[in-house]
Amino acid sequence: MRAPAATEAVGRLARETVALGVRRLVLVSARGEEQAPSTEAALHGAGAHWTVVRAAWSARNFSEGPLVAELRESGELVFPAGEVREPFVDVRDVAEVVAVPAAGDRCAGRTVEVSGPRLPAFGEAVAEVARAAGREPAYRPVPTRAYGERLAGFGLPSEEVAFLVEMFASMPDGRNAYLSDGVRQVLGREPRDFAAYAAKAAAAGAWAVGWVSAPPCRLRPWEWSWRGRAGGR
């Protein structure tokens with residue numbers, strides 16, 4: 001969803017799949033992204049039964065990619081989110097919601113927003129990670145451009161750094177500090193809590209020193225808002 005050419009790519013893919021006989025299309029989008037509406041609209045006109053699942057930030061961002069590298073190696077998360085609150089969503093909830101319209105016509109022609117059940121600030125989320133992991137990670141908010149300099153220092157290509165700096169300058173501003181009830185609407189239950197995610201990830205060794213995961217900072221920009229959200233924030 002975050003690539004500059006996402007709208008064109010989604011529209012082209014949707015038309016091609018419909019031409020091959022596909023009747024149902026489900027797009028995982030992201031809440032609060034300026035590019036999202038045009039990309040979602042590209043799906044609407046493809047000629048299939050469509051459903052858009054708009055997700056909040058994935059909790060899994062804390063256990064995959066650049067964020068986990070910092071938490072594990074330095075014990076500190078440096079990130080340009082201030083004290084903004086975000087209803088981090090469990091990727092398992094997103095996947096289960098996506099499976100419903102993918103398998104039948106329920107939710108066809110609808111946009112479903114999904115989030116976690118509460119609104120922790122980024123610092124509070126890091127504290128929950130610390131409790132689950134038995135460590136003492138800290139959260140240090142920084143200006144967006146300072147974060148871009150850190151990404152460049154990690155070896156991220158300059159064009160991706162520029163894209164992320166522009167994106168983070170507007171996204172962590174509180175626009176997503178609200179709860180959505182899509183999980184309850186579609187699955188008939190409450191969404192999984194961030195604490196449950198943190199406990200599961202800690203048990204799997206996500207924040208253990210020496211634990212190896214994907215190389216840091218190799219995510220494409222569009223994978224960020226919900227990297228692992230069943231498939232970017």
# chains A, B, ... in the order shown; residues from 1 in each chain; ligands from 1
call {"tool": "select_by_dssp", "arguments": {"residues": "range 25-211 of chain A", "states": "strand (DSSP E or B)", "output": "NGL selection string"}}
result
:A and (25-30 or 49-55 or 58 or 76-79 or 85 or 89 or 110-114 or 121 or 138-141)
call {"tool": "residues_around", "arguments": {"residues": "Arg184 in chain A", "least_positions_apart": "4", "cutoff": "12 Å", "atoms": "only C-alpha atoms", "output": "list in words"}}
result
Asp93, Val94, Glu96, Val97, Val112, Glu113, Val114, Ser115, Gly116, Pro117, Leu179, Ser180, Gly188, Arg189, Glu190, Pro191 and Arg192 of chain A
call {"tool": "residues_around", "arguments": {"residues": "Ala152 in chain A", "least_positions_apart": "3", "cutoff": "12 Å", "atoms": "only C-alpha atoms", "output": "MDAnalysis selection string"}}
result
chainID A and resid 66 145:149 155:165 217:218
call {"tool": "atom_distance", "arguments": {"atom1": "CA of Val100 in chain A", "atom2": "CA of Leu43 in chain A"}}
result
17.6 Å
call {"tool": "atom_distance", "arguments": {"atom1": "CA of Val91 in chain A", "atom2": "CA of Arg12 in chain A"}}
result
26.2 Å
call {"tool": "closest_residue", "arguments": {"among": "A:Val53, A:Ala103, A:Ala169, A:Ala195", "to": "Leu119 in chain A", "atoms": "only C-alpha atoms"}}
result
A:Ala195
call {"tool": "select_by_dssp", "arguments": {"residues": "range 66-227 of chain A", "states": "helix (DSSP H, G or I)", "output": "compact mmCIF listing (two decimals) with N, CA, C and O atoms, in the first residue's frame"}}
result
# COMPACT_ATOMS: atom_id res chain seq x y z
N PRO A 66 13.13 -3.30 11.41
CA PRO A 66 14.01 -2.34 12.09
C PRO A 66 13.71 -2.14 13.57
O PRO A 66 14.62 -1.95 14.37
N LEU A 67 12.44 -2.16 13.96
CA LEU A 67 12.12 -1.90 15.37
C LEU A 67 12.67 -2.98 16.28
O LEU A 67 13.23 -2.69 17.34
N VAL A 68 12.52 -4.23 15.87
CA VAL A 68 13.00 -5.31 16.73
C VAL A 68 14.52 -5.31 16.83
O VAL A 68 15.09 -5.65 17.86
N ALA A 69 15.20 -4.91 15.75
CA ALA A 69 16.66 -4.87 15.79
C ALA A 69 17.14 -3.91 16.87
O ALA A 69 18.06 -4.21 17.63
N GLU A 70 16.49 -2.74 16.96
CA GLU A 70 16.88 -1.77 17.98
C GLU A 70 16.55 -2.27 19.38
O GLU A 70 17.36 -2.15 20.30
N LEU A 71 15.36 -2.82 19.55
CA LEU A 71 14.96 -3.31 20.87
C LEU A 71 15.90 -4.40 21.35
O LEU A 71 16.27 -4.45 22.53
N ARG A 72 16.29 -5.29 20.46
CA ARG A 72 17.10 -6.44 20.86
C ARG A 72 18.56 -6.05 21.08
O ARG A 72 19.19 -6.50 22.03
N GLU A 73 19.07 -5.23 20.19
CA GLU A 73 20.51 -4.96 20.22
C GLU A 73 20.90 -3.82 21.15
O GLU A 73 21.95 -3.86 21.80
N VAL A 91 -1.80 -9.40 13.97
CA VAL A 91 -1.87 -9.84 12.58
C VAL A 91 -2.78 -11.06 12.42
O VAL A 91 -3.39 -11.27 11.37
N ARG A 92 -2.90 -11.85 13.48
CA ARG A 92 -3.80 -13.00 13.40
C ARG A 92 -5.25 -12.57 13.25
O ARG A 92 -6.04 -13.20 12.53
N ASP A 93 -5.61 -11.47 13.90
CA ASP A 93 -6.96 -10.95 13.74
C ASP A 93 -7.18 -10.45 12.31
O ASP A 93 -8.24 -10.67 11.72
N VAL A 94 -6.19 -9.76 11.77
CA VAL A 94 -6.31 -9.28 10.40
C VAL A 94 -6.50 -10.45 9.44
O VAL A 94 -7.38 -10.43 8.58
N ALA A 95 -5.68 -11.48 9.60
CA ALA A 95 -5.76 -12.64 8.71
C ALA A 95 -7.12 -13.32 8.81
O ALA A 95 -7.70 -13.73 7.79
N GLU A 96 -7.65 -13.44 10.02
CA GLU A 96 -8.94 -14.11 10.19
C GLU A 96 -10.08 -13.28 9.59
O GLU A 96 -11.04 -13.83 9.03
N VAL A 97 -9.98 -11.96 9.70
CA VAL A 97 -10.99 -11.10 9.08
C VAL A 97 -10.90 -11.20 7.56
O VAL A 97 -11.93 -11.32 6.87
N VAL A 98 -9.70 -11.18 7.02
CA VAL A 98 -9.51 -11.28 5.57
C VAL A 98 -10.08 -12.59 5.03
O VAL A 98 -10.66 -12.64 3.93
N ALA A 99 -9.94 -13.65 5.79
CA ALA A 99 -10.38 -14.97 5.32
C ALA A 99 -11.88 -15.02 5.08
O ALA A 99 -12.36 -15.79 4.24
N VAL A 100 -12.67 -14.22 5.80
CA VAL A 100 -14.12 -14.29 5.68
C VAL A 100 -14.60 -13.82 4.30
O VAL A 100 -15.28 -14.58 3.59
N PRO A 101 -14.26 -12.61 3.84
CA PRO A 101 -14.70 -12.22 2.49
C PRO A 101 -13.96 -12.97 1.39
O PRO A 101 -14.49 -13.07 0.27
N ALA A 102 -12.78 -13.49 1.67
CA ALA A 102 -12.05 -14.25 0.65
C ALA A 102 -12.76 -15.57 0.35
O ALA A 102 -12.65 -16.11 -0.76
N ALA A 103 -13.50 -16.09 1.33
CA ALA A 103 -14.14 -17.40 1.17
C ALA A 103 -15.62 -17.31 0.79
O ALA A 103 -16.22 -18.31 0.42
N PHE A 122 3.13 4.66 22.31
CA PHE A 122 4.28 3.87 21.89
C PHE A 122 5.16 3.52 23.09
O PHE A 122 5.67 2.40 23.20
N GLY A 123 5.34 4.49 23.99
CA GLY A 123 6.15 4.21 25.17
C GLY A 123 5.54 3.13 26.04
O GLY A 123 6.24 2.29 26.61
N GLU A 124 4.22 3.13 26.15
CA GLU A 124 3.53 2.11 26.93
C GLU A 124 3.65 0.74 26.27
O GLU A 124 3.80 -0.29 26.95
N ALA A 125 3.61 0.71 24.93
CA ALA A 125 3.78 -0.55 24.22
C ALA A 125 5.17 -1.12 24.44
O ALA A 125 5.35 -2.32 24.66
N VAL A 126 6.18 -0.26 24.40
CA VAL A 126 7.55 -0.72 24.66
C VAL A 126 7.66 -1.25 26.08
O VAL A 126 8.34 -2.25 26.33
N ALA A 127 6.99 -0.61 27.03
CA ALA A 127 7.02 -1.10 28.42
C ALA A 127 6.39 -2.49 28.51
O ALA A 127 6.86 -3.34 29.28
N GLU A 128 5.34 -2.74 27.74
CA GLU A 128 4.72 -4.07 27.75
C GLU A 128 5.65 -5.10 27.12
O GLU A 128 5.72 -6.25 27.57
N VAL A 129 6.36 -4.71 26.08
CA VAL A 129 7.37 -5.60 25.49
C VAL A 129 8.43 -5.93 26.53
O VAL A 129 8.86 -7.08 26.66
N ALA A 130 8.85 -4.92 27.29
CA ALA A 130 9.88 -5.12 28.30
C ALA A 130 9.42 -6.12 29.36
O ALA A 130 10.17 -7.02 29.75
N ARG A 131 8.19 -5.97 29.82
CA ARG A 131 7.68 -6.89 30.82
C ARG A 131 7.61 -8.32 30.28
O ARG A 131 7.98 -9.28 30.97
N ALA A 132 7.15 -8.47 29.05
CA ALA A 132 7.01 -9.80 28.47
C ALA A 132 8.37 -10.45 28.23
O ALA A 132 8.53 -11.67 28.40
N ALA A 133 9.36 -9.63 27.86
CA ALA A 133 10.67 -10.16 27.52
C ALA A 133 11.59 -10.28 28.73
O ALA A 133 12.67 -10.88 28.63
N THR A 144 11.30 13.47 13.18
CA THR A 144 11.24 12.57 12.02
C THR A 144 12.54 12.58 11.24
O THR A 144 13.04 11.53 10.83
N ARG A 145 13.12 13.74 11.02
CA ARG A 145 14.34 13.80 10.21
C ARG A 145 15.52 13.13 10.94
O ARG A 145 16.37 12.52 10.31
N ALA A 146 15.54 13.23 12.25
CA ALA A 146 16.59 12.54 13.00
C ALA A 146 16.44 11.04 12.85
O ALA A 146 17.43 10.30 12.75
N TYR A 147 15.21 10.57 12.79
CA TYR A 147 14.98 9.15 12.58
C TYR A 147 15.42 8.75 11.18
O TYR A 147 16.01 7.69 10.97
N GLY A 148 15.17 9.62 10.20
CA GLY A 148 15.64 9.34 8.84
C GLY A 148 17.14 9.20 8.78
O GLY A 148 17.67 8.34 8.06
N GLU A 149 17.84 10.01 9.54
CA GLU A 149 19.31 9.92 9.58
C GLU A 149 19.75 8.58 10.17
O GLU A 149 20.73 7.98 9.72
N ARG A 150 19.02 8.09 11.16
CA ARG A 150 19.33 6.79 11.73
C ARG A 150 19.12 5.68 10.70
O ARG A 150 19.93 4.76 10.57
N LEU A 151 18.02 5.76 9.96
CA LEU A 151 17.76 4.75 8.93
C LEU A 151 18.85 4.75 7.87
O LEU A 151 19.30 3.70 7.42
N ALA A 152 19.27 5.95 7.46
CA ALA A 152 20.35 6.04 6.49
C ALA A 152 21.63 5.41 7.05
O ALA A 152 22.37 4.73 6.34
N GLY A 153 21.86 5.61 8.34
CA GLY A 153 23.03 5.02 8.98
C GLY A 153 22.97 3.50 9.02
O GLY A 153 24.00 2.83 9.04
N SER A 158 18.64 5.79 0.01
CA SER A 158 18.24 7.18 0.24
C SER A 158 16.81 7.46 -0.19
O SER A 158 16.09 8.22 0.46
N GLU A 159 16.37 6.83 -1.31
CA GLU A 159 15.01 7.11 -1.76
C GLU A 159 13.98 6.53 -0.79
O GLU A 159 12.90 7.10 -0.61
N GLU A 160 14.30 5.43 -0.15
CA GLU A 160 13.39 4.85 0.83
C GLU A 160 13.40 5.67 2.12
O GLU A 160 12.35 5.85 2.76
N VAL A 161 14.57 6.17 2.49
CA VAL A 161 14.65 7.04 3.67
C VAL A 161 13.78 8.27 3.46
O VAL A 161 13.00 8.67 4.33
N ALA A 162 13.88 8.88 2.26
CA ALA A 162 13.10 10.08 1.97
C ALA A 162 11.61 9.79 2.02
O ALA A 162 10.82 10.59 2.55
N PHE A 163 11.22 8.64 1.50
CA PHE A 163 9.80 8.28 1.51
C PHE A 163 9.30 8.08 2.93
O PHE A 163 8.22 8.56 3.30
N LEU A 164 10.09 7.39 3.77
CA LEU A 164 9.68 7.14 5.15
C LEU A 164 9.63 8.42 5.96
O LEU A 164 8.73 8.61 6.79
N VAL A 165 10.58 9.32 5.73
CA VAL A 165 10.59 10.60 6.45
C VAL A 165 9.32 11.37 6.12
O VAL A 165 8.66 11.92 7.02
N GLU A 166 8.95 11.40 4.85
CA GLU A 166 7.72 12.10 4.45
C GLU A 166 6.50 11.45 5.08
O GLU A 166 5.59 12.13 5.56
N MET A 167 6.49 10.11 5.09
CA MET A 167 5.34 9.40 5.63
C MET A 167 5.20 9.61 7.13
O MET A 167 4.12 9.94 7.63
N PHE A 168 6.30 9.46 7.86
CA PHE A 168 6.24 9.58 9.32
C PHE A 168 6.04 11.01 9.78
O PHE A 168 5.64 11.25 10.92
N ALA A 169 6.30 11.98 8.90
CA ALA A 169 6.07 13.37 9.27
C ALA A 169 4.59 13.64 9.49
O ALA A 169 4.21 14.55 10.23
N SER A 170 3.73 12.84 8.85
CA SER A 170 2.29 13.08 8.96
C SER A 170 1.54 11.97 9.68
O SER A 170 0.50 12.22 10.28
N GLY A 182 -14.17 -3.67 13.65
CA GLY A 182 -14.26 -4.63 12.56
C GLY A 182 -14.07 -6.07 12.97
O GLY A 182 -14.72 -6.97 12.44
N VAL A 183 -13.18 -6.33 13.93
CA VAL A 183 -12.97 -7.70 14.39
C VAL A 183 -14.26 -8.23 15.01
O VAL A 183 -14.69 -9.36 14.73
N ARG A 184 -14.89 -7.42 15.83
CA ARG A 184 -16.14 -7.84 16.46
C ARG A 184 -17.24 -8.02 15.42
O ARG A 184 -18.01 -8.99 15.48
N GLN A 185 -17.33 -7.12 14.46
CA GLN A 185 -18.37 -7.21 13.44
C GLN A 185 -18.24 -8.49 12.61
O GLN A 185 -19.24 -9.16 12.32
N VAL A 186 -17.02 -8.81 12.20
CA VAL A 186 -16.81 -9.93 11.28
C VAL A 186 -16.65 -11.26 11.99
O VAL A 186 -17.18 -12.29 11.55
N LEU A 187 -15.94 -11.27 13.12
CA LEU A 187 -15.63 -12.52 13.79
C LEU A 187 -16.49 -12.79 15.02
O LEU A 187 -16.45 -13.90 15.57
N PHE A 194 -2.72 -6.33 22.93
CA PHE A 194 -1.29 -6.19 22.68
C PHE A 194 -0.47 -7.01 23.66
O PHE A 194 0.57 -7.57 23.30
N ALA A 195 -0.92 -7.11 24.91
CA ALA A 195 -0.19 -7.88 25.91
C ALA A 195 -0.10 -9.35 25.51
O ALA A 195 0.92 -10.01 25.74
N ALA A 196 -1.16 -9.88 24.91
CA ALA A 196 -1.15 -11.27 24.46
C ALA A 196 -0.16 -11.46 23.33
O ALA A 196 0.58 -12.46 23.27
N TYR A 197 -0.12 -10.50 22.41
CA TYR A 197 0.88 -10.54 21.34
C TYR A 197 2.29 -10.52 21.93
O TYR A 197 3.16 -11.31 21.53
N ALA A 198 2.55 -9.59 22.86
CA ALA A 198 3.88 -9.46 23.43
C ALA A 198 4.32 -10.74 24.14
O ALA A 198 5.47 -11.17 24.01
N ALA A 199 3.41 -11.36 24.87
CA ALA A 199 3.75 -12.61 25.56
C ALA A 199 4.10 -13.71 24.57
O ALA A 199 5.07 -14.46 24.76
N LYS A 200 3.34 -13.81 23.49
CA LYS A 200 3.59 -14.84 22.48
C LYS A 200 4.92 -14.60 21.77
O LYS A 200 5.70 -15.52 21.55
N ALA A 201 5.17 -13.34 21.41
CA ALA A 201 6.41 -13.01 20.71
C ALA A 201 7.62 -13.23 21.62
O ALA A 201 8.66 -13.72 21.19
N ALA A 202 7.49 -12.88 22.90
CA ALA A 202 8.60 -13.07 23.83
C ALA A 202 8.89 -14.56 24.01
O ALA A 202 10.06 -14.98 24.05
N ALA A 203 7.84 -15.38 24.08
CA ALA A 203 8.04 -16.82 24.23
C ALA A 203 8.74 -17.41 23.01
O ALA A 203 9.46 -18.40 23.12
N PRO A 221 9.21 0.43 1.70
CA PRO A 221 8.42 1.42 2.42
C PRO A 221 6.98 1.03 2.64
O PRO A 221 6.41 1.32 3.68
N TRP A 222 6.35 0.37 1.66
CA TRP A 222 4.93 0.06 1.81
C TRP A 222 4.67 -1.08 2.78
O TRP A 222 3.54 -1.42 3.03
N GLU A 223 5.73 -1.71 3.31
CA GLU A 223 5.55 -2.79 4.26
C GLU A 223 5.44 -2.27 5.69
O GLU A 223 5.17 -3.03 6.60
